[in-house]
Each structure stands twice: as C-alpha cells, then as structure tokens.
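J.: Have a peek at my_file.cif (mmCIF, C-alpha atoms).
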data_final
loop_
_atom_site.group_PDB
_atom_site.id
_atom_site.type_symbol
_atom_site.label_atom_id
_atom_site.label_comp_id
_atom_site.auth_asym_id
_atom_site.auth_seq_id
_atom_site.Cartn_x
_atom_site.Cartn_y
_atom_site.Cartn_z
ATOM 1 C CA MET A 21 -187.839 30.457 -81.291
ATOM 2 C CA SER A 22 -184.828 30.399 -78.976
ATOM 3 C CA PRO A 23 -185.094 28.457 -75.692
ATOM 4 C CA PRO A 24 -185.763 30.524 -72.545
ATOM 5 C CA ARG A 25 -182.637 31.828 -70.846
ATOM 6 C CA THR A 26 -181.673 30.099 -67.619
ATOM 7 C CA LYS A 27 -180.145 31.864 -64.638
ATOM 8 C CA THR A 28 -178.694 29.734 -61.851
ATOM 9 C CA ALA A 29 -177.844 30.314 -58.211
ATOM 10 C CA LEU A 30 -175.491 27.736 -56.692
ATOM 11 C CA VAL A 31 -175.308 26.928 -52.986
ATOM 12 C CA THR A 32 -172.269 25.012 -51.735
ATOM 13 C CA VAL A 33 -171.537 23.813 -48.206
ATOM 14 C CA GLY A 34 -168.144 22.269 -49.010
ATOM 15 C CA ALA A 35 -166.882 18.721 -48.590
ATOM 16 C CA THR A 36 -165.585 18.611 -45.026
ATOM 17 C CA ALA A 37 -168.606 19.354 -42.813
ATOM 18 C CA PRO A 38 -172.403 19.427 -43.222
ATOM 19 C CA PHE A 39 -174.097 22.830 -43.020
ATOM 20 C CA PRO A 40 -177.849 22.176 -42.705
ATOM 21 C CA ALA A 41 -178.556 25.728 -41.536
ATOM 22 C CA LEU A 42 -177.404 27.069 -44.914
ATOM 23 C CA VAL A 43 -179.398 24.453 -46.837
ATOM 24 C CA ARG A 44 -182.468 25.207 -44.732
ATOM 25 C CA SER A 45 -182.117 28.941 -45.370
ATOM 26 C CA ALA A 46 -181.560 28.485 -49.113
ATOM 27 C CA ILE A 47 -184.799 26.555 -49.591
ATOM 28 C CA ASP A 48 -186.864 28.957 -47.492
ATOM 29 C CA PRO A 49 -189.795 30.358 -49.508
ATOM 30 C CA ALA A 50 -188.688 33.970 -48.924
ATOM 31 C CA VAL A 51 -185.229 33.228 -50.305
ATOM 32 C CA ARG A 52 -186.615 31.398 -53.330
ATOM 33 C CA SER A 53 -188.984 34.304 -53.914
ATOM 34 C CA ALA A 54 -186.104 36.794 -53.845
ATOM 35 C CA LEU A 55 -184.238 34.704 -56.412
ATOM 36 C CA SER A 56 -187.300 34.509 -58.633
ATOM 37 C CA GLU A 57 -187.862 38.264 -58.493
ATOM 38 C CA LEU A 58 -184.279 38.748 -59.673
ATOM 39 C CA GLY A 59 -184.830 36.459 -62.657
ATOM 40 C CA TYR A 60 -183.233 33.265 -61.380
ATOM 41 C CA THR A 61 -184.689 30.105 -62.872
ATOM 42 C CA HIS A 62 -182.619 27.411 -61.151
ATOM 43 C CA LEU A 63 -181.316 26.809 -57.625
ATOM 44 C CA ARG A 64 -178.576 24.148 -57.326
ATOM 45 C CA ILE A 65 -177.693 23.015 -53.798
ATOM 46 C CA GLN A 66 -174.601 21.013 -52.872
ATOM 47 C CA HIS A 67 -175.681 19.718 -49.472
ATOM 48 C CA GLY A 68 -172.519 17.842 -48.498
ATOM 49 C CA LEU A 69 -171.451 14.564 -46.960
ATOM 50 C CA ASN A 70 -171.969 13.135 -43.508
ATOM 51 C CA GLU A 71 -169.248 14.234 -41.109
ATOM 52 C CA GLY A 72 -167.041 11.243 -40.242
ATOM 53 C CA ASN A 73 -168.551 9.107 -43.037
ATOM 54 C CA TRP A 74 -166.721 10.042 -46.229
ATOM 55 C CA GLY A 75 -168.744 9.089 -49.290
ATOM 56 C CA GLU A 76 -172.064 9.060 -47.438
ATOM 57 C CA SER A 77 -174.502 11.802 -48.363
ATOM 58 C CA SER A 78 -175.511 14.279 -45.660
ATOM 59 C CA VAL A 79 -178.754 12.791 -44.392
ATOM 60 C CA GLU A 80 -180.136 16.048 -43.024
ATOM 61 C CA GLY A 81 -179.267 17.985 -46.174
ATOM 62 C CA ARG A 82 -180.836 15.332 -48.375
ATOM 63 C CA GLU A 83 -183.990 15.203 -46.243
ATOM 64 C CA LEU A 84 -184.334 18.989 -46.334
ATOM 65 C CA LEU A 85 -184.216 18.963 -50.125
ATOM 66 C CA GLN A 86 -186.653 16.069 -50.253
ATOM 67 C CA SER A 87 -189.105 17.954 -48.062
ATOM 68 C CA VAL A 88 -189.094 20.999 -50.312
ATOM 69 C CA SER A 89 -189.344 18.777 -53.398
ATOM 70 C CA THR A 90 -192.416 17.071 -51.936
ATOM 71 C CA ALA A 91 -194.035 20.417 -51.133
ATOM 72 C CA MET A 92 -193.259 21.744 -54.605
ATOM 73 C CA THR A 93 -194.679 18.674 -56.310
ATOM 74 C CA ALA A 94 -197.914 18.940 -54.310
ATOM 75 C CA GLY A 95 -198.233 22.603 -55.214
ATOM 76 C CA ASP A 96 -197.507 21.944 -58.868
ATOM 77 C CA GLU A 97 -200.139 19.224 -59.028
ATOM 78 C CA GLU A 98 -202.662 21.778 -57.805
ATOM 79 C CA ASP A 99 -201.448 24.307 -60.380
ATOM 80 C CA GLY A 100 -201.106 21.758 -63.162
ATOM 81 C CA ASP A 101 -197.419 22.610 -63.606
ATOM 82 C CA GLY A 102 -194.368 20.379 -63.932
ATOM 83 C CA GLU A 103 -192.769 18.420 -61.132
ATOM 84 C CA GLY A 104 -189.757 19.821 -59.283
ATOM 85 C CA GLN A 105 -190.591 23.481 -59.661
ATOM 86 C CA VAL A 106 -191.845 26.103 -57.272
ATOM 87 C CA GLY A 107 -193.822 29.186 -58.148
ATOM 88 C CA SER A 108 -192.993 32.407 -56.347
ATOM 89 C CA SER A 109 -194.719 34.845 -58.665
ATOM 90 C CA PRO A 110 -197.019 34.471 -61.668
ATOM 91 C CA GLY A 111 -195.191 33.169 -64.731
ATOM 92 C CA ARG A 112 -191.905 32.640 -62.914
ATOM 93 C CA ARG A 113 -190.553 29.320 -61.696
ATOM 94 C CA VAL A 114 -187.451 28.313 -59.793
ATOM 95 C CA VAL A 115 -186.260 24.757 -60.358
ATOM 96 C CA VAL A 116 -184.562 23.347 -57.249
ATOM 97 C CA SER A 117 -182.109 20.445 -57.435
ATOM 98 C CA GLY A 118 -179.406 19.065 -55.174
ATOM 99 C CA PHE A 119 -176.370 16.825 -54.969
ATOM 100 C CA ASP A 120 -174.006 15.776 -52.203
ATOM 101 C CA PHE A 121 -170.509 16.037 -53.662
ATOM 102 C CA VAL A 122 -168.534 16.273 -56.904
ATOM 103 C CA GLU A 123 -164.777 15.942 -57.329
ATOM 104 C CA SER A 124 -164.522 19.442 -58.738
ATOM 105 C CA MET A 125 -167.008 22.246 -58.186
ATOM 106 C CA ARG A 126 -165.509 24.369 -60.956
ATOM 107 C CA GLU A 127 -168.057 23.307 -63.588
ATOM 108 C CA GLU A 128 -170.939 23.938 -61.195
ATOM 109 C CA VAL A 129 -169.525 27.371 -60.360
ATOM 110 C CA ALA A 130 -169.003 28.119 -64.060
ATOM 111 C CA GLY A 131 -172.688 27.516 -64.764
ATOM 112 C CA ALA A 132 -173.921 29.843 -62.016
ATOM 113 C CA GLU A 133 -174.495 33.590 -62.014
ATOM 114 C CA LEU A 134 -174.584 33.704 -58.216
ATOM 115 C CA VAL A 135 -172.642 31.557 -55.749
ATOM 116 C CA ILE A 136 -173.798 31.236 -52.137
ATOM 117 C CA SER A 137 -170.986 29.522 -50.291
ATOM 118 C CA HIS A 138 -169.729 28.488 -46.906
ATOM 119 C CA ALA A 139 -166.570 30.389 -45.960
ATOM 120 C CA GLY A 140 -164.034 27.747 -46.966
ATOM 121 C CA SER A 141 -161.073 29.332 -48.730
ATOM 122 C CA GLY A 142 -161.187 26.920 -51.679
ATOM 123 C CA SER A 143 -164.844 27.626 -52.394
ATOM 124 C CA ILE A 144 -164.300 31.368 -52.101
ATOM 125 C CA LEU A 145 -161.322 31.302 -54.462
ATOM 126 C CA ASP A 146 -163.174 29.167 -57.036
ATOM 127 C CA ALA A 147 -165.953 31.760 -57.212
ATOM 128 C CA LEU A 148 -163.599 34.752 -57.263
ATOM 129 C CA ARG A 149 -161.405 33.260 -60.002
ATOM 130 C CA GLN A 150 -164.490 32.795 -62.176
ATOM 131 C CA VAL A 151 -165.716 36.349 -61.439
ATOM 132 C CA LYS A 152 -169.028 35.309 -59.892
ATOM 133 C CA ARG A 153 -171.317 37.313 -57.671
ATOM 134 C CA LEU A 154 -170.510 35.807 -54.295
ATOM 135 C CA ILE A 155 -172.330 35.563 -50.997
ATOM 136 C CA VAL A 156 -170.406 33.894 -48.178
ATOM 137 C CA VAL A 157 -172.142 32.374 -45.149
ATOM 138 C CA PRO A 158 -169.753 31.398 -42.324
ATOM 139 C CA ASN A 159 -170.565 28.177 -40.501
ATOM 140 C CA THR A 160 -170.470 29.446 -36.934
ATOM 141 C CA ALA A 161 -171.154 25.928 -35.611
ATOM 142 C CA LEU A 162 -167.576 24.956 -36.405
ATOM 143 C CA MET A 163 -165.078 25.144 -33.569
ATOM 144 C CA ASP A 164 -161.819 27.094 -33.821
ATOM 145 C CA ASN A 165 -162.495 28.403 -37.301
ATOM 146 C CA HIS A 166 -161.730 31.766 -38.844
ATOM 147 C CA GLN A 167 -164.637 31.813 -41.284
ATOM 148 C CA VAL A 168 -166.318 34.886 -39.834
ATOM 149 C CA GLU A 169 -163.108 36.943 -39.861
ATOM 150 C CA LEU A 170 -162.304 35.835 -43.424
ATOM 151 C CA ALA A 171 -165.789 36.681 -44.737
ATOM 152 C CA GLN A 172 -165.861 40.061 -42.989
ATOM 153 C CA GLU A 173 -162.439 41.052 -44.291
ATOM 154 C CA LEU A 174 -163.196 40.062 -47.902
ATOM 155 C CA GLN A 175 -166.534 41.880 -47.690
ATOM 156 C CA ARG A 176 -164.725 44.963 -46.384
ATOM 157 C CA GLN A 177 -162.402 44.777 -49.389
ATOM 158 C CA GLY A 178 -165.353 44.538 -51.797
ATOM 159 C CA TYR A 179 -165.003 40.947 -53.046
ATOM 160 C CA LEU A 180 -168.212 39.473 -51.632
ATOM 161 C CA VAL A 181 -171.296 39.918 -49.479
ATOM 162 C CA GLU A 182 -171.408 38.223 -46.084
ATOM 163 C CA ALA A 183 -174.602 36.702 -44.681
ATOM 164 C CA ARG A 184 -175.737 34.657 -41.708
ATOM 165 C CA PRO A 185 -177.331 31.196 -42.117
ATOM 166 C CA GLU A 186 -180.802 32.644 -41.617
ATOM 167 C CA PRO A 187 -183.483 33.234 -44.291
ATOM 168 C CA GLU A 188 -183.853 36.961 -43.554
ATOM 169 C CA SER A 189 -180.111 37.573 -43.755
ATOM 170 C CA LEU A 190 -179.670 35.467 -46.892
ATOM 171 C CA GLN A 191 -182.602 37.135 -48.635
ATOM 172 C CA ALA A 192 -181.132 40.573 -47.906
ATOM 173 C CA ALA A 193 -177.693 39.459 -49.099
ATOM 174 C CA ILE A 194 -179.141 38.175 -52.388
ATOM 175 C CA ARG A 195 -180.741 41.548 -53.063
ATOM 176 C CA LYS A 196 -177.552 43.377 -52.052
ATOM 177 C CA ALA A 197 -175.372 41.174 -54.279
ATOM 178 C CA ALA A 198 -177.596 41.951 -57.257
ATOM 179 C CA VAL A 199 -176.706 45.662 -57.137
ATOM 180 C CA THR A 200 -173.165 45.511 -55.730
ATOM 181 C CA GLU A 201 -170.222 46.283 -57.991
ATOM 182 C CA PHE A 202 -167.755 43.670 -56.803
ATOM 183 C CA LYS A 203 -163.995 43.998 -56.942
ATOM 184 C CA HIS A 204 -162.486 41.444 -59.335
ATOM 185 C CA PHE A 205 -159.971 38.754 -58.410
ATOM 186 C CA PRO A 206 -156.481 40.257 -58.897
ATOM 187 C CA LYS A 207 -155.252 38.112 -61.812
ATOM 188 C CA PRO A 208 -151.708 39.556 -62.070
ATOM 189 C CA GLU A 209 -151.110 38.609 -58.426
ATOM 190 C CA GLY A 210 -153.628 35.798 -58.187
ATOM 191 C CA GLU A 211 -151.459 33.254 -56.406
ATOM 192 C CA LYS A 212 -150.278 35.824 -53.887
ATOM 193 C CA PHE A 213 -153.887 36.764 -53.208
ATOM 194 C CA ALA A 214 -154.810 33.075 -52.826
ATOM 195 C CA ARG A 215 -152.053 32.597 -50.251
ATOM 196 C CA ILE A 216 -153.313 35.613 -48.292
ATOM 197 C CA VAL A 217 -156.836 34.137 -48.280
ATOM 198 C CA GLU A 218 -155.513 30.784 -47.067
ATOM 199 C CA GLU A 219 -153.458 32.415 -44.344
ATOM 200 C CA GLU A 220 -156.414 34.536 -43.253
ATOM 201 C CA ALA A 221 -158.543 31.390 -43.072
ATOM 202 C CA GLY A 222 -155.921 29.604 -41.023
ATOM 203 C CA LEU A 223 -155.866 26.692 -43.478
ATOM 204 C CA MET A 224 -152.923 24.736 -44.858
ATOM 205 C CA ALA A 225 -154.678 23.752 -48.085
ATOM 206 C CA LEU A 226 -157.709 24.644 -50.127
ATOM 207 C CA ASP A 227 -160.913 22.753 -49.365
#
Would you encode the structure as structure tokens?

T.:
Amino acid sequence: MSPPRTKTALVTVGATAPFPALVRSAIDPAVRSALSELGYTHLRIQHGLNEGNWGESSVEGRELLQSVSTAMTAGDEEDGDGEGQVGSSPGRRVVVSGFDFVESMREEVAGAELVISHAGSGSILDALRQVKRLIVVPNTALMDNHQVELAQELQRQGYLVEARPEPESLQAAIRKAAVTEFKHFPKPEGEKFARIVEEEAGLMALD
C-alpha cells in the first residue's frame, strides 16, 4: 500500500522584518479549514527573525505557532489523534509546523504546492521560477515600501493572487488560487523579468 499523498502550503514572511499579522492569519481556523477542504495536508510557516536582532527568532511569530500547537494538541487528546495536527473536517488533518529562518528557501518552496508570501521580490521570484501557485500578502506596516503596488501589478498580469493579512481575505485568496490559471514565469527572458520585478519593488537586491 503506497503512503498517503502529502500536499503542502508554505507561508513565508521573509528574513528582514517580522510579519505577525500574516502568521496570525495563516493559523486562523477558517484558513486551515479552507486548506483542508482543498486537500492540503501540511502547513509550513516561516515566521521570521526579530527585527534588529539578526539570528534571534521572531518571538511573536514563535508564540503564535506555539499557541495553535497547544490548542491542536488539546483537541487531539480529546479525539485520540496524534499530536501536532488539527482536524477541520472528518478524516482530514492539516499538520502545522514552523521555523524562523533558513539560508535558502528554495527547497521549502520546491516542496510546496502553494506559496503564501510577503511581497518581497526575492520570495516572489523564487515561487514564480518554480511555477508555484502564489498568493502575495503585502506587509502594509512597513514604511516607504512598494509591496502593495508590486503585488497589484503582478496580480493584474496574472502571475499571482494578492491578499490582505486578514483571515477572510487569505481564505478567499486560497480558494481563488486553487482555480486560477496562472501565467508562467517567462523563462526565455527570465533575468529581464527579474530586473523589472526588482525595479518595481524599489529594491537593489533580492531578499
């Protein structure tokens, strides 16, 4: 008997600034339920590092994941199921796990069917190069950033779905991404496209 197929959604907040609103939305029960209904079995969350303290895990992001892990464990003990899982419909489980930072996100992106990302140009390009379904959530708490404009323009061109860092918006974006026929990354002119994305983001280098 072959092992059950896994289907992973990856959330990434990037390395340069914490984004607790995105983490909080991703672990919301309604969002996890939407993922489960679409057949997702795993939710991986990169919750980031503390701003100004390189190498130190984002305390708020870590605590948010711990809170949902505690709630899931309590529920599983009542159900008699395994630790670290959450039930959103009978017979379906979403396993939630998190980490603060890895040197390269490419392997994490490669293992995901859906990427839910902040609007950093590097994260967007990683997902597009690997032809992933992509939802981008601009961090509007950042000052002097062009994340909203970048996400809106790439959504207009058909490369991704934009969402706000709110459970209702993210849930709707997940359902929309499941049925959207995305435009693929333009491989013949990939580097030119990457430069356009960087310029649109107002960044000198990929993050």

J.: Could you tell me which of A:Leu42, A:Arg25, A:Ala50, A:Ser124 comes closest to A:Glu188 if we count all atoms listed in the file?

T.: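 Using all atoms listed in the file, A:Glu188 sits closest to A:Ala50.
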
J.: Using only C-alpha atoms, can you tell me which of A:Ala171, A:Ile136, A:Leu148, A:Val115 comes closest to A:His67?

T.: A:Ile136

J.: Between atom CA of A:Met125 and atom CA of A:Leu174, what distance in Å does the model show, to one decimal?

T.: 20.9 Å

J.: Measuring atom to atom with all atoms listed in the file, identify which of A:Ala197, A:Leu84, A:Ala132, A:Leu55 is nearest to A:Phe39.

T.: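 Using all atoms listed in the file, A:Phe39 sits closest to A:Leu84.
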
J.: Separation of atom CA of A:Glu169 and atom CA of A:Gly68, in Å?

T.: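 Rounded to one decimal, the two atoms are 23.0 Å apart.
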
J.: Enumerate, as a ChimeraX atom specification, the residues matched when the PyMOL selection byres ((chain A and resi 189) around 12) is run on the file above.

T.: /A:42,45-46,48,50-51,54,155-157,181-188,190-196

J.: Residues near A:Thr28, anyone? I mean within 9 Å using only C-alpha atoms, not counting same-chain ones fewer than 5 positions away, as number ranges by chain.

T.: A: 60-64, 131-135

J.: What separation in Å, quoted to one decimal, exists between atom CA of A:Leu180 and atom CA of A:Glu128?

T.: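 These two atoms are separated by 18.4 Å.
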
J.: Where atoms are missing, can you supply all heavy atoms for stretch 113-124 of chain A and output the lot as a short mmCIF file (atom, residue, chain, number, x, y, z; two decimals), in the coordinates of the input?

T.:
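Saved result, out26.cif, follows:
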data_model
loop_
_atom_site.label_atom_id
_atom_site.label_comp_id
_atom_site.auth_asym_id
_atom_site.auth_seq_id
_atom_site.Cartn_x
_atom_site.Cartn_y
_atom_site.Cartn_z
N ARG A 113 -190.78 30.58 -62.40
CA ARG A 113 -190.55 29.32 -61.70
C ARG A 113 -189.08 29.17 -61.36
O ARG A 113 -188.22 29.55 -62.15
CB ARG A 113 -190.99 28.14 -62.57
CG ARG A 113 -192.49 28.10 -62.85
CD ARG A 113 -193.26 27.68 -61.62
NE ARG A 113 -194.69 27.66 -61.84
CZ ARG A 113 -195.56 27.29 -60.92
NH1 ARG A 113 -195.16 26.94 -59.72
NH2 ARG A 113 -196.85 27.29 -61.18
N VAL A 114 -188.82 28.63 -60.19
CA VAL A 114 -187.45 28.31 -59.79
C VAL A 114 -187.35 26.80 -59.65
O VAL A 114 -188.09 26.19 -58.88
CB VAL A 114 -187.08 28.99 -58.46
CG1 VAL A 114 -185.67 28.57 -58.03
CG2 VAL A 114 -187.15 30.50 -58.58
N VAL A 115 -186.47 26.20 -60.41
CA VAL A 115 -186.26 24.76 -60.36
C VAL A 115 -185.18 24.47 -59.32
O VAL A 115 -184.07 24.99 -59.42
CB VAL A 115 -185.82 24.21 -61.73
CG1 VAL A 115 -185.59 22.70 -61.66
CG2 VAL A 115 -186.88 24.52 -62.79
N VAL A 116 -185.50 23.66 -58.32
CA VAL A 116 -184.56 23.35 -57.25
C VAL A 116 -184.03 21.93 -57.43
O VAL A 116 -184.82 21.00 -57.62
CB VAL A 116 -185.23 23.48 -55.87
CG1 VAL A 116 -184.23 23.17 -54.75
CG2 VAL A 116 -185.83 24.87 -55.68
N SER A 117 -182.72 21.77 -57.35
CA SER A 117 -182.11 20.44 -57.44
C SER A 117 -180.92 20.40 -56.49
O SER A 117 -180.38 21.44 -56.11
CB SER A 117 -181.68 20.12 -58.87
OG SER A 117 -180.72 21.07 -59.33
N GLY A 118 -180.50 19.19 -56.13
CA GLY A 118 -179.41 19.07 -55.17
C GLY A 118 -178.51 17.88 -55.45
O GLY A 118 -178.88 16.95 -56.17
N PHE A 119 -177.33 17.92 -54.86
CA PHE A 119 -176.37 16.82 -54.97
C PHE A 119 -175.47 16.89 -53.74
O PHE A 119 -175.36 17.94 -53.09
CB PHE A 119 -175.56 16.91 -56.26
CG PHE A 119 -174.79 18.20 -56.43
CD1 PHE A 119 -173.43 18.27 -56.15
CD2 PHE A 119 -175.42 19.36 -56.87
CE1 PHE A 119 -172.72 19.46 -56.29
CE2 PHE A 119 -174.72 20.55 -57.02
CZ PHE A 119 -173.36 20.61 -56.74
N ASP A 120 -174.82 15.76 -53.42
CA ASP A 120 -174.01 15.78 -52.20
C ASP A 120 -172.58 16.24 -52.44
O ASP A 120 -172.05 17.06 -51.70
CB ASP A 120 -174.03 14.40 -51.52
CG ASP A 120 -173.67 13.26 -52.45
OD1 ASP A 120 -173.09 13.51 -53.53
OD2 ASP A 120 -173.99 12.11 -52.11
N PHE A 121 -171.93 15.74 -53.49
CA PHE A 121 -170.51 16.04 -53.66
C PHE A 121 -170.09 15.74 -55.09
O PHE A 121 -170.59 14.81 -55.71
CB PHE A 121 -169.69 15.17 -52.70
CG PHE A 121 -168.19 15.31 -52.85
CD1 PHE A 121 -167.55 16.44 -52.42
CD2 PHE A 121 -167.45 14.29 -53.43
CE1 PHE A 121 -166.17 16.58 -52.57
CE2 PHE A 121 -166.06 14.41 -53.57
CZ PHE A 121 -165.43 15.55 -53.14
N VAL A 122 -169.19 16.56 -55.64
CA VAL A 122 -168.53 16.27 -56.90
C VAL A 122 -167.04 16.51 -56.70
O VAL A 122 -166.63 17.28 -55.84
CB VAL A 122 -169.06 17.17 -58.05
CG1 VAL A 122 -170.48 16.79 -58.44
CG2 VAL A 122 -168.98 18.64 -57.69
N GLU A 123 -166.23 15.82 -57.49
CA GLU A 123 -164.78 15.94 -57.33
C GLU A 123 -164.30 17.37 -57.54
O GLU A 123 -163.39 17.84 -56.86
CB GLU A 123 -164.06 15.00 -58.30
CG GLU A 123 -164.16 13.52 -57.94
CD GLU A 123 -163.49 13.21 -56.61
OE1 GLU A 123 -162.50 13.90 -56.26
OE2 GLU A 123 -163.94 12.29 -55.92
N SER A 124 -164.88 18.04 -58.49
CA SER A 124 -164.52 19.44 -58.74
C SER A 124 -165.79 20.27 -58.88
O SER A 124 -166.69 19.92 -59.65
CB SER A 124 -163.68 19.57 -60.01
OG SER A 124 -163.46 20.94 -60.32
#
